[in-house]
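Asks: Input run-v3.csv, format and content: CSV, C-alpha atoms (C1' of nucleotides).
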```csv
chain,number,residue,atom,x,y,z
A,1,MET,CA,111.7,97.4,106.5
A,2,PRO,CA,113.1,100.6,105.0
A,3,GLU,CA,111.6,104.0,105.2
A,4,LEU,CA,113.5,107.1,104.2
A,5,PRO,CA,116.2,106.9,107.0
A,6,GLU,CA,117.0,103.2,106.4
A,7,VAL,CA,117.4,103.8,102.6
A,8,GLU,CA,119.6,106.8,103.3
A,9,ILE,CA,121.8,104.6,105.6
A,10,VAL,CA,122.1,102.0,102.9
A,11,LYS,CA,123.0,104.8,100.4
A,12,GLN,CA,125.7,106.2,102.8
A,13,SER,CA,127.2,102.9,103.6
A,14,LEU,CA,127.4,102.0,100.0
A,15,GLN,CA,128.6,105.3,98.5
A,16,ASN,CA,132.3,105.1,99.1
A,17,LYS,CA,132.5,101.5,98.2
A,18,VAL,CA,130.9,101.5,94.7
A,19,LEU,CA,131.5,105.0,93.4
A,20,HIS,CA,133.5,104.9,90.1
A,21,ARG,CA,133.4,101.1,90.0
A,22,LYS,CA,131.9,98.9,87.4
A,23,ILE,CA,129.7,95.8,87.5
A,24,ASN,CA,131.2,93.0,85.5
A,25,LYS,CA,128.4,90.5,85.9
A,26,ILE,CA,124.9,90.1,87.3
A,27,LYS,CA,123.7,86.8,88.6
A,28,ILE,CA,119.9,86.5,88.9
A,29,ALA,CA,119.0,83.6,91.1
A,30,ASN,CA,115.3,84.5,91.4
A,31,LYS,CA,113.8,87.2,89.2
A,32,ASN,CA,110.4,86.9,90.9
A,33,LEU,CA,110.4,90.0,93.0
A,34,ARG,CA,107.4,92.3,93.2
A,35,PHE,CA,107.9,93.0,89.5
A,36,LYS,CA,109.8,90.5,87.4
A,37,VAL,CA,113.5,91.6,87.2
A,38,LYS,CA,114.1,92.3,83.5
A,39,LYS,CA,117.1,91.3,81.5
A,40,ASN,CA,117.6,95.0,80.6
A,41,ILE,CA,119.3,95.6,84.0
A,42,GLU,CA,122.4,94.2,82.2
A,43,ASN,CA,122.6,97.3,80.1
A,44,ILE,CA,124.6,98.9,82.9
A,45,LEU,CA,127.3,96.2,82.8
A,46,LYS,CA,130.9,97.6,82.6
A,47,LYS,CA,129.7,101.2,82.9
A,48,ARG,CA,131.2,103.3,85.6
A,49,ILE,CA,129.0,104.2,88.6
A,50,THR,CA,128.9,108.0,88.8
A,51,LYS,CA,126.5,108.6,91.7
A,52,ILE,CA,124.4,107.0,94.4
A,53,LEU,CA,121.1,108.8,95.0
A,54,ARG,CA,118.1,108.4,97.2
A,55,ILE,CA,114.6,109.6,96.4
A,56,SER,CA,112.2,108.9,99.2
A,57,LYS,CA,112.3,105.1,99.8
A,58,TYR,CA,114.2,104.4,96.5
A,59,LEU,CA,117.9,103.9,96.2
A,60,ILE,CA,119.2,104.9,92.7
A,61,ILE,CA,122.6,104.0,91.2
A,62,GLU,CA,123.6,106.3,88.4
A,63,PHE,CA,125.9,105.0,85.7
A,64,LYS,CA,128.0,106.7,83.0
A,65,ASN,CA,125.8,108.3,80.3
A,66,LEU,CA,123.0,108.8,82.8
A,67,GLU,CA,121.5,105.3,83.0
A,68,TYR,CA,120.1,104.1,86.2
A,69,LEU,CA,119.3,101.1,88.4
A,70,ILE,CA,116.5,101.8,90.9
A,71,PHE,CA,115.9,99.7,94.0
A,72,HIS,CA,112.9,99.6,96.2
A,73,PHE,CA,113.3,97.4,99.2
A,74,GLY,CA,109.7,96.6,100.0
A,75,MET,CA,109.3,95.3,103.5
A,76,SER,CA,112.4,93.0,103.8
A,77,GLY,CA,114.9,93.9,101.1
A,78,THR,CA,118.5,94.5,102.0
A,79,LEU,CA,121.6,95.2,100.0
A,80,HIS,CA,124.8,93.6,101.2
A,81,PHE,CA,128.4,94.5,100.4
A,82,ILE,CA,130.5,91.3,100.5
A,83,LYS,CA,134.2,91.1,99.8
A,84,ASN,CA,135.5,88.4,97.7
A,85,LYS,CA,137.3,86.9,100.6
A,86,ASN,CA,134.0,86.4,102.4
A,87,LEU,CA,132.1,84.9,99.5
A,88,LYS,CA,130.9,82.2,101.8
A,89,ASP,CA,129.1,84.9,103.9
A,90,THR,CA,129.3,82.8,107.0
A,91,ASN,CA,129.2,85.7,109.4
A,92,LEU,CA,126.2,87.4,107.8
A,93,SER,CA,122.7,86.7,109.0
A,94,PHE,CA,120.1,88.4,106.9
A,95,TYR,CA,116.7,89.6,107.9
A,96,HIS,CA,114.4,86.7,108.8
A,97,SER,CA,116.9,84.2,107.7
A,98,LYS,CA,118.9,83.2,110.6
A,99,SER,CA,119.0,79.5,109.8
A,100,LEU,CA,119.4,79.9,106.0
A,101,PRO,CA,121.1,83.2,105.5
A,102,LYS,CA,121.6,82.8,101.8
A,103,LYS,CA,118.2,81.4,100.9
A,104,HIS,CA,116.9,84.7,99.8
A,105,ASN,CA,119.9,86.1,97.9
A,106,HIS,CA,118.1,86.8,94.7
A,107,ILE,CA,120.4,89.1,92.7
A,108,GLU,CA,124.2,89.4,92.9
A,109,PHE,CA,126.1,92.3,91.3
A,110,MET,CA,129.7,91.2,90.8
A,111,PHE,CA,132.4,93.8,90.9
A,112,ASP,CA,136.2,93.3,90.7
A,113,ASN,CA,136.9,92.7,94.3
A,114,PHE,CA,133.5,92.4,95.9
A,115,LYS,CA,129.8,91.9,95.2
A,116,LEU,CA,126.6,93.5,96.2
A,117,VAL,CA,123.9,91.0,97.1
A,118,TYR,CA,120.2,91.8,97.0
A,119,ASN,CA,118.4,89.7,99.7
A,120,ASP,CA,114.7,89.9,100.2
A,121,PRO,CA,112.7,87.1,102.0
A,122,ARG,CA,109.3,88.5,101.2
A,123,ARG,CA,110.1,89.7,97.7
A,124,PHE,CA,108.1,92.9,97.9
A,125,GLY,CA,111.0,94.9,96.7
A,126,PHE,CA,112.0,95.4,93.1
A,127,ILE,CA,114.9,96.5,90.8
A,128,GLU,CA,114.4,98.4,87.5
A,129,TYR,CA,116.6,99.8,84.8
A,130,ILE,CA,116.0,103.3,83.6
A,131,SER,CA,117.6,104.4,80.4
A,132,SER,CA,117.8,108.2,80.7
A,133,LYS,CA,117.7,111.2,83.1
A,134,ASN,CA,114.3,112.1,81.6
A,135,ASP,CA,112.8,108.7,82.2
A,136,LEU,CA,114.1,108.9,85.8
A,137,LYS,CA,112.4,112.3,86.2
A,138,ASN,CA,109.1,110.8,84.8
A,139,TYR,CA,109.4,107.8,87.1
A,140,PHE,CA,109.2,110.0,90.2
A,141,PHE,CA,106.9,112.6,88.7
A,142,LYS,CA,103.9,111.4,90.7
A,143,ILE,CA,105.5,111.2,94.2
A,144,GLY,CA,105.2,114.1,96.7
A,145,PRO,CA,108.0,116.0,98.4
A,146,GLU,CA,110.1,114.4,101.2
A,147,PRO,CA,109.7,115.9,104.6
A,148,LEU,CA,113.4,116.9,104.5
A,149,ASN,CA,112.8,119.0,101.3
A,150,LYS,CA,111.9,122.7,101.5
A,151,LYS,CA,108.9,122.0,99.3
A,152,PHE,CA,107.4,120.3,102.4
A,153,ASN,CA,106.4,123.6,104.0
A,154,PHE,CA,103.5,125.3,105.7
A,155,LEU,CA,101.8,126.5,102.5
A,156,TYR,CA,102.1,123.2,100.8
A,157,LEU,CA,100.5,121.3,103.6
A,158,LYS,CA,98.0,124.0,104.4
A,159,ASN,CA,96.6,123.9,100.9
A,160,ILE,CA,96.6,120.2,100.5
A,161,LEU,CA,95.0,119.4,103.8
A,162,LYS,CA,92.2,121.9,103.8
A,163,ASN,CA,89.7,119.9,101.8
A,164,LYS,CA,90.8,116.4,102.7
A,165,ASN,CA,88.2,114.3,104.4
A,166,ARG,CA,90.7,111.6,105.4
A,167,ASN,CA,92.7,111.0,108.5
A,168,ILE,CA,96.1,112.5,108.9
A,169,LYS,CA,97.8,109.2,109.4
A,170,ASN,CA,96.8,107.7,106.1
A,171,PHE,CA,97.6,111.1,104.5
A,172,LEU,CA,101.1,111.1,105.8
A,173,LEU,CA,101.6,107.5,104.5
A,174,ASP,CA,100.4,108.4,101.0
A,175,GLN,CA,103.5,108.7,98.9
A,176,LYS,CA,101.8,111.0,96.4
A,177,TYR,CA,101.5,113.8,99.0
A,178,VAL,CA,104.5,113.1,101.3
A,179,SER,CA,107.2,110.6,100.3
A,180,GLY,CA,109.5,108.7,102.4
A,181,LEU,CA,107.5,108.2,105.6
A,182,GLY,CA,106.3,104.8,106.6
A,183,ASN,CA,104.5,103.3,109.6
A,184,ILE,CA,107.2,103.8,112.2
A,185,TYR,CA,108.0,107.4,111.5
A,186,VAL,CA,104.4,108.5,111.0
A,187,ASN,CA,103.5,107.1,114.4
A,188,GLU,CA,106.4,108.9,116.0
A,189,ILE,CA,105.7,112.2,114.3
A,190,LEU,CA,102.1,112.3,115.3
A,191,PHE,CA,102.9,111.5,118.9
A,192,LEU,CA,105.5,114.2,119.1
A,193,ALA,CA,103.1,116.7,117.5
A,194,ARG,CA,100.4,115.5,119.9
A,195,ILE,CA,97.9,114.9,117.1
A,196,SER,CA,95.5,112.0,117.0
A,197,PRO,CA,96.2,109.8,113.9
A,198,ASN,CA,92.4,109.7,113.4
A,199,LYS,CA,92.1,113.5,113.1
A,200,LEU,CA,90.7,114.6,109.7
A,201,CYS,CA,93.2,116.5,107.5
A,202,LYS,CA,90.8,119.4,107.1
A,203,LYS,CA,90.6,119.8,110.9
A,204,ILE,CA,94.4,120.1,111.4
A,205,ASP,CA,95.0,123.7,112.5
A,206,ASN,CA,98.0,125.9,111.7
A,207,THR,CA,99.8,125.1,114.9
A,208,GLU,CA,99.5,121.4,114.1
A,209,ILE,CA,100.7,121.9,110.6
A,210,THR,CA,103.8,123.6,111.9
A,211,LYS,CA,104.4,120.8,114.4
A,212,ILE,CA,104.0,118.1,111.7
A,213,ILE,CA,106.7,119.8,109.6
A,214,LYS,CA,109.0,120.4,112.5
A,215,PHE,CA,108.8,116.9,113.9
A,216,SER,CA,109.0,115.2,110.6
A,217,LYS,CA,112.4,116.8,110.0
A,218,ILE,CA,113.5,116.2,113.6
A,219,VAL,CA,112.5,112.5,113.6
A,220,LEU,CA,114.0,111.7,110.3
A,221,GLY,CA,117.2,113.6,111.0
A,222,LYS,CA,117.7,111.7,114.3
A,223,ALA,CA,116.9,108.4,112.8
A,224,ILE,CA,119.5,108.9,110.1
A,225,LYS,CA,122.0,110.0,112.7
A,226,LYS,CA,121.4,106.7,114.6
A,227,GLY,CA,121.8,104.6,111.5
A,228,GLY,CA,118.1,103.9,111.0
A,229,SER,CA,115.7,101.7,112.9
A,230,SER,CA,116.3,97.9,113.3
A,231,ILE,CA,113.2,96.6,114.9
A,232,ARG,CA,113.9,93.1,113.5
A,233,ASP,CA,117.0,92.9,111.5
A,234,PHE,CA,117.5,96.0,109.3
A,235,LYS,CA,121.2,96.3,108.5
A,236,ASN,CA,123.2,98.6,106.4
A,237,SER,CA,125.3,97.3,103.5
A,238,GLU,CA,128.0,96.3,106.0
A,239,GLY,CA,125.7,94.3,108.2
A,240,ILE,CA,125.5,97.0,111.0
A,241,LYS,CA,122.2,97.6,112.7
A,242,GLY,CA,120.7,100.9,113.4
A,243,SER,CA,119.8,102.1,116.9
A,244,PHE,CA,116.9,104.5,116.5
A,245,GLN,CA,114.5,101.8,117.7
A,246,ALA,CA,115.9,102.4,121.2
A,247,GLU,CA,114.5,105.9,121.0
A,248,PHE,CA,111.0,105.2,119.8
A,249,SER,CA,108.4,107.2,121.7
A,250,VAL,CA,105.4,105.2,120.7
A,251,TYR,CA,106.1,102.7,118.0
A,252,ASN,CA,106.1,99.1,119.3
A,253,ARG,CA,105.5,100.4,122.9
A,254,LYS,CA,102.0,98.9,123.5
A,255,ASN,CA,101.0,98.9,127.2
A,256,LYS,CA,104.2,100.8,128.1
A,257,LYS,CA,104.2,104.1,129.9
A,258,CYS,CA,104.0,107.3,127.9
A,259,LEU,CA,107.4,108.9,127.9
A,260,ARG,CA,106.3,112.5,128.0
A,261,LYS,CA,107.1,114.2,131.2
A,262,GLY,CA,104.2,114.6,133.5
A,263,CYS,CA,102.0,112.2,131.5
A,264,ASN,CA,100.7,109.1,133.3
A,265,GLY,CA,99.2,107.7,130.1
A,266,VAL,CA,99.8,104.3,128.6
A,267,ILE,CA,100.5,103.6,124.9
A,268,HIS,CA,97.7,101.9,123.1
A,269,ARG,CA,97.8,99.9,119.9
A,270,ILE,CA,94.9,100.6,117.6
A,271,LEU,CA,94.3,99.7,113.9
A,272,ILE,CA,94.0,102.3,111.2
A,273,SER,CA,93.5,100.8,107.7
A,274,ASN,CA,94.7,97.5,109.3
A,275,ARG,CA,98.0,98.8,110.3
A,276,SER,CA,99.4,99.0,113.8
A,277,THR,CA,99.0,102.5,115.2
A,278,PHE,CA,100.4,103.5,118.5
A,279,VAL,CA,99.0,106.3,120.5
A,280,CYS,CA,99.0,107.9,124.0
A,281,GLN,CA,95.3,108.7,124.6
A,282,ASN,CA,96.4,111.4,127.0
A,283,CYS,CA,98.7,113.2,124.6
A,284,GLN,CA,96.8,112.5,121.4
A,285,ILE,CA,93.2,113.0,122.2
A,286,ILE,CA,91.0,110.8,120.1
A,287,LYS,CA,87.5,112.0,119.4
A,288,LYS,CA,85.1,109.8,117.6
A,289,ASN,CA,83.8,112.7,115.5
A,290,TYR,CA,87.1,113.8,114.2
B,1,DC,C1',86.8,110.8,97.5
B,2,DC,C1',87.6,107.6,101.6
B,3,DG,C1',88.6,103.5,104.6
B,4,DT,C1',89.0,98.8,104.7
B,5,DT,C1',90.3,94.3,103.0
B,6,DA,C1',92.9,91.3,100.5
B,7,DA,C1',96.7,90.2,97.9
B,8,DC,C1',101.5,89.8,97.0
B,9,DC,C1',105.4,86.6,100.3
B,10,DT,C1',108.3,84.4,104.2
B,11,DG,C1',109.6,83.8,108.9
B,12,DA,C1',109.6,84.9,113.9
B,13,DG,C1',107.5,84.5,118.2
B,14,DA,C1',103.6,83.4,121.2
B,15,DG,C1',100.5,80.2,123.0
B,16,DC,C1',98.8,75.6,123.4
C,1,DT,C1',108.6,69.2,119.1
C,2,DG,C1',105.2,70.9,116.5
C,3,DC,C1',101.0,73.0,115.3
C,4,DT,C1',98.2,77.3,114.6
C,5,DC,C1',97.8,82.0,114.9
C,6,DT,C1',99.3,86.8,114.6
C,7,DC,C1',102.3,90.1,113.1
C,8,DA,C1',105.9,92.6,110.2
C,9,DG,C1',109.9,99.4,108.1
C,10,DG,C1',105.2,98.6,101.6
C,11,DT,C1',102.2,99.1,97.8
C,12,DT,C1',98.0,98.8,95.3
C,13,DA,C1',93.5,97.0,93.3
C,14,DA,C1',88.9,96.1,94.3
C,15,DC,C1',84.9,97.0,97.1
C,16,DG,C1',81.2,99.4,99.5
```
Written as structure tokens, that's how I'd like the structure from this file.
Replies:
Amino acid sequence: MPELPEVEIVKQSLQNKVLHRKINKIKIANKNLRFKVKKNIENILKKRITKILRISKYLIIEFKNLEYLIFHFGMSGTLHFIKNKNLKDTNLSFYHSKSLPKKHNHIEFMFDNFKLVYNDPRRFGFIEYISSKNDLKNYFFKIGPEPLNKKFNFLYLKNILKNKNRNIKNFLLDQKYVSGLGNIYVNEILFLARISPNKLCKKIDNTEITKIIKFSKIVLGKAIKKGGSSIRDFKNSEGIKGSFQAEFSVYNRKNKKCLRKGCNGVIHRILISNRSTFVCQNCQIIKKNY
DNA sequence: CCGTTAACCTGAGAGC
DNA sequence: TGCTCTCAGGTTAACG
């Protein structure tokens, strides 16, 4: 589910609610997420929340004395803010759980007047405790810059692309070079930049590098403004859906008309590394010898 | 080094 | 109704 914009939306929708609050109790209904949830997450109990951060697709809660909980939402993880009055959660339907909305509520963080519930049907997400600022730094040492960061600039991309014999789509999805992009936004960026997802990195020219940078920032910025993309059921912590899916240029638009003015092309769905890839073969010329 | 495949999971939606 | 099949906002190990 969540790429950078969706995690940013969760962060924003959570910030005012949990800042300066304390968690009194953690209920673990199912610790079998992607990694087993360890008991040490309880180290943050009764410690004041000092910050909510986001690094690429990770949500990070900072506690007093610089201890942290980090969340990764995998494909289907969501974090819900629920007031005590609504503890029955009758009005909330979670991702992929219309009939049994509470079935996949795995972890509950109990505050004084509310709780945060981590729901994740597929359990690809995870939660970890980090004990110091230095450990946090080390944890993210290996991931690349976000497209919104100034480190993601022409020289950085130019240098890193020039010798790479792999296609640009897989490169942009590789979190160690660029972090925060997922399948939706990479499809959108390459369409707007009019670059074939199959094109080899080393053949990406200067103009195209500039376009990738430009459209990465534009697409992510717009998606955040629109509350993220809810192609199934992504919701922020208040249960509100995003609306950027209404503005997709290519993603999920198989067999539909290309939206670029003057183009009569049709959007095709192809597979790259077994993941859905949407292209207009007019706008994004695909050559076999790329 | 590179792409693909499978694996980790559950559920929605399509087609029969 | 129900069965089977495909697909899904992610990541990563193993293989060729």
Asks: Can you check which residues of chain A have any atom within 9 Å of chain B? Use only C-alpha atoms (C1' of nucleotides) and format it as a PyMOL selection string.
Replies: chain A and resi 34+96-97+121-124+164-166+272-274
Asks: If we count all atoms listed in the file, which residues of chain A reach to within 8 Å of chain C? Please list them as number ranges by chain.
Replies: A: 1-3, 74-75, 124, 182-184, 229
Asks: Quick one: distance from CA of Val117 in chain A to CA of Ala223 in chain A in Å, one decimal?
Replies: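 Taking CA of Val117 in chain A as the start and CA of Ala223 in chain A as the end point, the length is 24.5 Å.
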Asks: Got a sec: who's within 10 Å of range 37-39 of chain A, counting all atoms listed in the file, leaving out chain neighbours fewer than 4 positions off, as a ChimeraX atom specification?
Replies: /A:26,28,30-33,43,107,126-129
Asks: Mind giving me the straight-line distance from CA of Arg194 in chain A to CA of Lys257 in chain A in Å, one decimal?
Replies: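 A separation of 15.6 Å between them.
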Asks: Within 12 Å of Arg260 in chain A, counting only C-alpha atoms (C1' of nucleotides), which residues show up once you throw out same-chain ones fewer than 3 positions away? Write them as a list in words, please.
Replies: Phe191, Leu192, Ala193, Arg194, Phe248, Ser249, Val250, Lys256, Lys257, Cys263, Asn264, Gly265, Val266, Ile267, Cys280, Asn282, Cys283 and Gln284 of chain A
Asks: Report, in Å to a single decimal, how far apart CA of Val186 in chain A and CA of Asn163 in chain A are.
Replies: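 Atom-to-atom, CA of Asn163 in chain A and CA of Val186 in chain A are spaced 20.8 Å apart.
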Asks: Which is closer to Lys11 in chain A than all the others in A:Lys254, A:Lys235, A:Lys217, A:Lys162, using all atoms listed in the file?
Replies: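 Closest candidate: A:Lys235.
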Asks: Mind checking which residues fall within 7 Å of Asn119 in chain A, counting all atoms listed in the file, ignoring those fewer than 3 positions away in the same chain, and posting them as a list in words?
Replies: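 Near Asn119 in chain A, the qualifying residues are Gly77, Thr78, Leu79, His104, Asn105 and His106 of chain A.
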Asks: Report as a list in words all protein, DNA and RNA residues lying within 6 Å of range 23-25 of chain A, evaluated on only C-alpha atoms (C1' of nucleotides), omitting residues in the same chain fewer than 2 positions from it.
Replies: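 Once the adjacent positions are removed, what remains is Leu45, Lys46, Met110 and Phe111 of chain A.
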Asks: So that I have them on file, write out the residues from the current selection with C-alpha atoms, as a PDB file, in the frame of the given file.
Replies:
```pdb
ATOM      1  CA  LEU A  45     127.300  96.200  82.800  1.00  0.00           C
ATOM      2  CA  LYS A  46     130.900  97.600  82.600  1.00  0.00           C
ATOM      3  CA  MET A 110     129.700  91.200  90.800  1.00  0.00           C
ATOM      4  CA  PHE A 111     132.400  93.800  90.900  1.00  0.00           C
TER       5      PHE A 111
END
```
